[in-house]
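Participant: Take this structure, written in structure tokens, and hold onto it; I'll ask about it next.
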Amino acid sequence: MFFDLSLSCRVGERAIELAFASQARLTALVGPSGVGKTTVLNCIAGLRRPESGRVAVAGNLLFDAAAGVNLRPELRRAGYVFQDARLFPHMRVAANLTYGERLAPTADRWIGQEEVVEFLGIGHLLARWPATLSGGETRRVAIGRALLSAPRFLLLDEPFASLDAERGETLMKLVERIRDELEIPILLVSHDRSEVERLAGEVVMLA
Amino acid sequence: MSEWLTPAEWGVVTLSLKVSLVAVALTLPVSYALAWLLARRRFPGRILLDAVVHLPLVVPPVVTGWILLVLFGRNGPIGAWLESQFGLVLVFRWSGAALAAAVMALPLMVRAMRLSIEAVDRRLVDAARTLGASPWRAFLSITLPLSAPGIAAGAMLGFARSLGEFGATITFASNIAGQTRTLPLAIYSGLQLPGAEVQVARLSLISVVLSLAALVISELLVRRSAGSRAHVL
């Protein structure tokens, strides 16, 4: 199983309950906005502690309330691409890209800087500051930063939201290539049906 | 400058700068740690800690000086310990004036730094964690550099406050020429003497210029870090 989780999480008054197991390379998590899709990603990445449940990704147990397992985020090896990208504003694109790579053990790295830069077509951006990038460029750099941190899986939070059709299409092709060529399990959060139908091998509904 | 000022006045200015620089250097790590705690952590007693940090700002300086005297005097618990362990005596010494200035500058420095730490998006720290950074590494590479302008602003503000420190200093460290007679104390002493009006005016002018420069620099630094809506004044 790539993703195997069951968790319950309280956000204010609401309770989020979700359980699924997926063998697909790309699993889509869909549901209306505000239903807690990002909260689920945060639980998987270790940024938020679920009240109960169990989270295993690609054969690694990340969280198990019953067994008292709660891996710290830096040990979970999630390639988390946030919806708001969260590039570090005080570092140039090149330093943003290598931030996670320098922290990853050499043996665990499975992709190099040159390959990522080439793959994402961001070679011309390396010397720029994040504040000067367009929305599409920002997302690509954020994906590159996540890939270089030697992740065992990717979490993509609405990666195509608020991009125009052309840029959205470019990025979607990119995600397809990551799915097909890099062989890394991906969990994609989306609210767009066509996106999901095109990309996902399995769809999980959060209601 | 040395022709314009008498050697004694020049000595007052350099002593003031020395006392203020040491006071700021002493307070900088302490106030940053306090600012971080108050900005980022929720713990029992947080409100109390916040209040204690602000105490020197609202208590009469002479009371702060008296508390320092009780604690750091030669018979005080901390003062006696410092003397027996390190042979360090603070009362009636320039180091005592620096301690008084440091305590009085602390709340202002904490406030400025806390503002800039709060302005650092915590979600950036989260991002760093998912990329493999330990909490300490994330602090060093994200929070610290992004709050650096606030550190500089706090230091400037603390420096300005230290230069102007009077009440706690005269109570704790006394008014000893060449040892603890900083600018405000020298101005006060000048006012007690007949015919020192020009000297008082000169020292006052220097005092105003130094403090104003430090304040303007700190305000500019905070605006640069937290946007035009944030300010320390």
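Ordering of the structure tokens sets the chain letters (A, B, ...), residue numbers begin anew at 1 in every chain, and ligands are numbered from 1 in the order given.
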When you get a sec, could you note down which chain A residues fall within 6 Å of chain B, using only C-alpha atoms, as a list of chain:residue names?
Facilitator: A:Pro73, A:Glu74, A:Arg86, A:Gly100, A:Leu103, A:Ser149
Participant: Keeping only N, CA and C atoms, take the residues you just selected and write them out as a compact mmCIF listing (two decimals), in the first residue's frame.
Facilitator:
# COMPACT_ATOMS: atom_id res chain seq x y z
N PRO A 73 8.04 15.85 12.13
CA PRO A 73 7.92 16.15 10.69
C PRO A 73 9.23 15.97 9.94
N GLU A 74 10.36 16.32 10.58
CA GLU A 74 11.63 16.25 9.85
C GLU A 74 12.07 14.81 9.59
N ARG A 86 5.10 28.67 0.19
CA ARG A 86 5.97 28.92 1.35
C ARG A 86 7.46 28.85 1.01
N GLY A 100 16.28 21.59 1.57
CA GLY A 100 16.01 20.25 2.07
C GLY A 100 17.06 19.25 1.64
N LEU A 103 19.89 18.91 3.97
CA LEU A 103 19.56 18.27 5.24
C LEU A 103 19.34 16.76 5.09
N SER A 149 14.44 17.29 -1.45
CA SER A 149 14.62 16.96 -0.04
C SER A 149 14.60 15.45 0.18
Participant: Would you kindly return, as a PyMOL selection string, each protein, DNA or RNA residue with an atom no farther than 9 Å from any atom of range 26-38 of chain B, considering only C-alpha atoms and excluding same-chain residues fewer than 2 positions away?
Facilitator: chain B and resi 21-24+40-43+46-47+49-50+53+98-99+102-103+105-107+109-115+117-118+151+154-155+158
Participant: Now that the selection is made, can you save its residues with N, CA and C atoms as an mmCIF file, in the first residue's frame?
Facilitator:
data_model
loop_
_atom_site.group_PDB
_atom_site.id
_atom_site.type_symbol
_atom_site.label_atom_id
_atom_site.label_comp_id
_atom_site.auth_asym_id
_atom_site.auth_seq_id
_atom_site.Cartn_x
_atom_site.Cartn_y
_atom_site.Cartn_z
ATOM 1 N N LEU B 21 26.804 50.448 25.443
ATOM 2 C CA LEU B 21 27.158 49.317 24.578
ATOM 3 C C LEU B 21 27.208 48.020 25.364
ATOM 4 N N VAL B 22 27.818 48.054 26.545
ATOM 5 C CA VAL B 22 27.893 46.840 27.371
ATOM 6 C C VAL B 22 26.489 46.428 27.810
ATOM 7 N N ALA B 23 25.667 47.416 28.177
ATOM 8 C CA ALA B 23 24.300 47.106 28.607
ATOM 9 C C ALA B 23 23.528 46.399 27.486
ATOM 10 N N VAL B 24 23.652 46.913 26.261
ATOM 11 C CA VAL B 24 22.919 46.317 25.139
ATOM 12 C C VAL B 24 23.458 44.920 24.826
ATOM 13 N N ARG B 40 6.164 32.905 20.807
ATOM 14 C CA ARG B 40 5.947 31.603 20.187
ATOM 15 C C ARG B 40 5.437 30.511 21.108
ATOM 16 N N ARG B 41 5.547 30.701 22.406
ATOM 17 C CA ARG B 41 5.199 29.607 23.310
ATOM 18 C C ARG B 41 4.012 29.975 24.188
ATOM 19 N N ARG B 42 3.187 28.988 24.448
ATOM 20 C CA ARG B 42 2.119 29.149 25.426
ATOM 21 C C ARG B 42 2.470 28.281 26.618
ATOM 22 N N PHE B 43 2.679 28.862 27.772
ATOM 23 C CA PHE B 43 3.058 28.076 28.939
ATOM 24 C C PHE B 43 2.444 28.726 30.173
ATOM 25 N N ARG B 46 2.924 32.592 31.599
ATOM 26 C CA ARG B 46 3.376 33.449 30.505
ATOM 27 C C ARG B 46 2.991 34.913 30.752
ATOM 28 N N ILE B 47 1.762 35.111 31.225
ATOM 29 C CA ILE B 47 1.304 36.475 31.472
ATOM 30 C C ILE B 47 2.132 37.123 32.585
ATOM 31 N N LEU B 49 5.262 36.345 33.349
ATOM 32 C CA LEU B 49 6.575 36.650 32.792
ATOM 33 C C LEU B 49 6.520 37.940 31.974
ATOM 34 N N ASP B 50 5.462 38.064 31.167
ATOM 35 C CA ASP B 50 5.272 39.267 30.357
ATOM 36 C C ASP B 50 5.229 40.511 31.256
ATOM 37 N N VAL B 53 8.686 41.277 32.798
ATOM 38 C CA VAL B 53 9.569 41.872 31.795
ATOM 39 C C VAL B 53 9.259 43.366 31.635
ATOM 40 N N ALA B 98 26.097 49.855 33.955
ATOM 41 C CA ALA B 98 25.703 49.060 32.782
ATOM 42 C C ALA B 98 24.572 48.107 33.143
ATOM 43 N N LEU B 99 24.633 47.499 34.330
ATOM 44 C CA LEU B 99 23.560 46.582 34.742
ATOM 45 C C LEU B 99 22.237 47.343 34.885
ATOM 46 N N ALA B 102 20.963 48.096 31.534
ATOM 47 C CA ALA B 102 20.503 46.876 30.869
ATOM 48 C C ALA B 102 19.094 46.510 31.333
ATOM 49 N N VAL B 103 18.878 46.560 32.639
ATOM 50 C CA VAL B 103 17.563 46.199 33.179
ATOM 51 C C VAL B 103 16.491 47.177 32.678
ATOM 52 N N ALA B 105 16.596 48.839 29.914
ATOM 53 C CA ALA B 105 16.417 48.714 28.458
ATOM 54 C C ALA B 105 15.672 47.437 28.078
ATOM 55 N N LEU B 106 15.695 46.450 28.975
ATOM 56 C CA LEU B 106 15.151 45.127 28.654
ATOM 57 C C LEU B 106 13.723 45.158 28.079
ATOM 58 N N PRO B 107 12.762 45.815 28.758
ATOM 59 C CA PRO B 107 11.394 45.742 28.222
ATOM 60 C C PRO B 107 11.268 46.304 26.800
ATOM 61 N N MET B 109 13.582 46.401 24.493
ATOM 62 C CA MET B 109 14.226 45.497 23.543
ATOM 63 C C MET B 109 13.346 44.282 23.295
ATOM 64 N N VAL B 110 12.762 43.738 24.362
ATOM 65 C CA VAL B 110 11.881 42.575 24.206
ATOM 66 C C VAL B 110 10.708 42.932 23.305
ATOM 67 N N ARG B 111 10.124 44.100 23.515
ATOM 68 C CA ARG B 111 8.956 44.503 22.713
ATOM 69 C C ARG B 111 9.283 44.566 21.223
ATOM 70 N N ALA B 112 10.419 45.201 20.904
ATOM 71 C CA ALA B 112 10.793 45.338 19.492
ATOM 72 C C ALA B 112 11.069 43.979 18.860
ATOM 73 N N MET B 113 11.772 43.116 19.593
ATOM 74 C CA MET B 113 12.125 41.814 19.020
ATOM 75 C C MET B 113 10.903 40.914 18.913
ATOM 76 N N ARG B 114 10.029 41.011 19.900
ATOM 77 C CA ARG B 114 8.825 40.190 19.884
ATOM 78 C C ARG B 114 7.963 40.506 18.664
ATOM 79 N N LEU B 115 7.844 41.797 18.376
ATOM 80 C CA LEU B 115 7.110 42.228 17.171
ATOM 81 C C LEU B 115 7.651 41.549 15.921
ATOM 82 N N ILE B 117 9.531 38.854 15.687
ATOM 83 C CA ILE B 117 9.392 37.389 15.693
ATOM 84 C C ILE B 117 7.956 37.015 15.340
ATOM 85 N N GLU B 118 6.997 37.785 15.882
ATOM 86 C CA GLU B 118 5.597 37.501 15.556
ATOM 87 C C GLU B 118 5.318 37.721 14.074
ATOM 88 N N ILE B 151 15.934 42.498 15.737
ATOM 89 C CA ILE B 151 17.027 42.426 16.709
ATOM 90 C C ILE B 151 17.819 43.722 16.668
ATOM 91 N N GLY B 154 15.698 46.514 18.138
ATOM 92 C CA GLY B 154 15.661 46.409 19.587
ATOM 93 C C GLY B 154 16.961 46.870 20.215
ATOM 94 N N ALA B 155 18.073 46.504 19.573
ATOM 95 C CA ALA B 155 19.373 46.908 20.101
ATOM 96 C C ALA B 155 19.518 48.426 20.071
ATOM 97 N N GLY B 158 17.267 49.910 22.742
ATOM 98 C CA GLY B 158 17.873 49.669 24.045
ATOM 99 C C GLY B 158 19.068 50.577 24.272
#
Participant: From the options B:Ser116, B:Thr182, B:Gln192, B:Ser174, which residue's atoms come nearest to Val222 in chain B, counting only C-alpha atoms?
Facilitator: B:Ser116
Participant: Mind listing the helix (DSSP H, G or I) residues of range 30-84 of chain B, per DSSP on the backbone, as a ChimeraX atom specification?
Facilitator: /B:30-40,46-58,61-72,77-84
Participant: Sorted by chain and rising residue number, which residues of range 133-163 of chain B lie within 12 Å of range 1-16 of chain B, and what are their closest atom pairs and distances in Å to one decimal, counting only C-alpha atoms, as a tab-separated table?
Facilitator:
residue	atom	partner	partner_atom	distance
B:Phe159	CA	B:Ser16	CA	10.2
B:Ala160	CA	B:Ser16	CA	10.8
B:Arg161	CA	B:Ser16	CA	11.5
B:Ser162	CA	B:Ser16	CA	8.4
B:Leu163	CA	B:Ser16	CA	6.2
Participant: Could you tell me how far CA of Ile217 in chain B lies from CA of Gly178 in chain B, in Å and to one decimal?
Facilitator: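 Atom-to-atom, CA of Ile217 in chain B to CA of Gly178 in chain B, that is 29.0 Å.
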Participant: Measuring atom to atom with only C-alpha atoms, identify which of A:Arg167, A:Arg14, A:Arg76, A:Arg109 is nearest to Ser134 in chain A.
Facilitator: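 Ranked by minimum distance to Ser134 in chain A, first place goes to A:Arg167.
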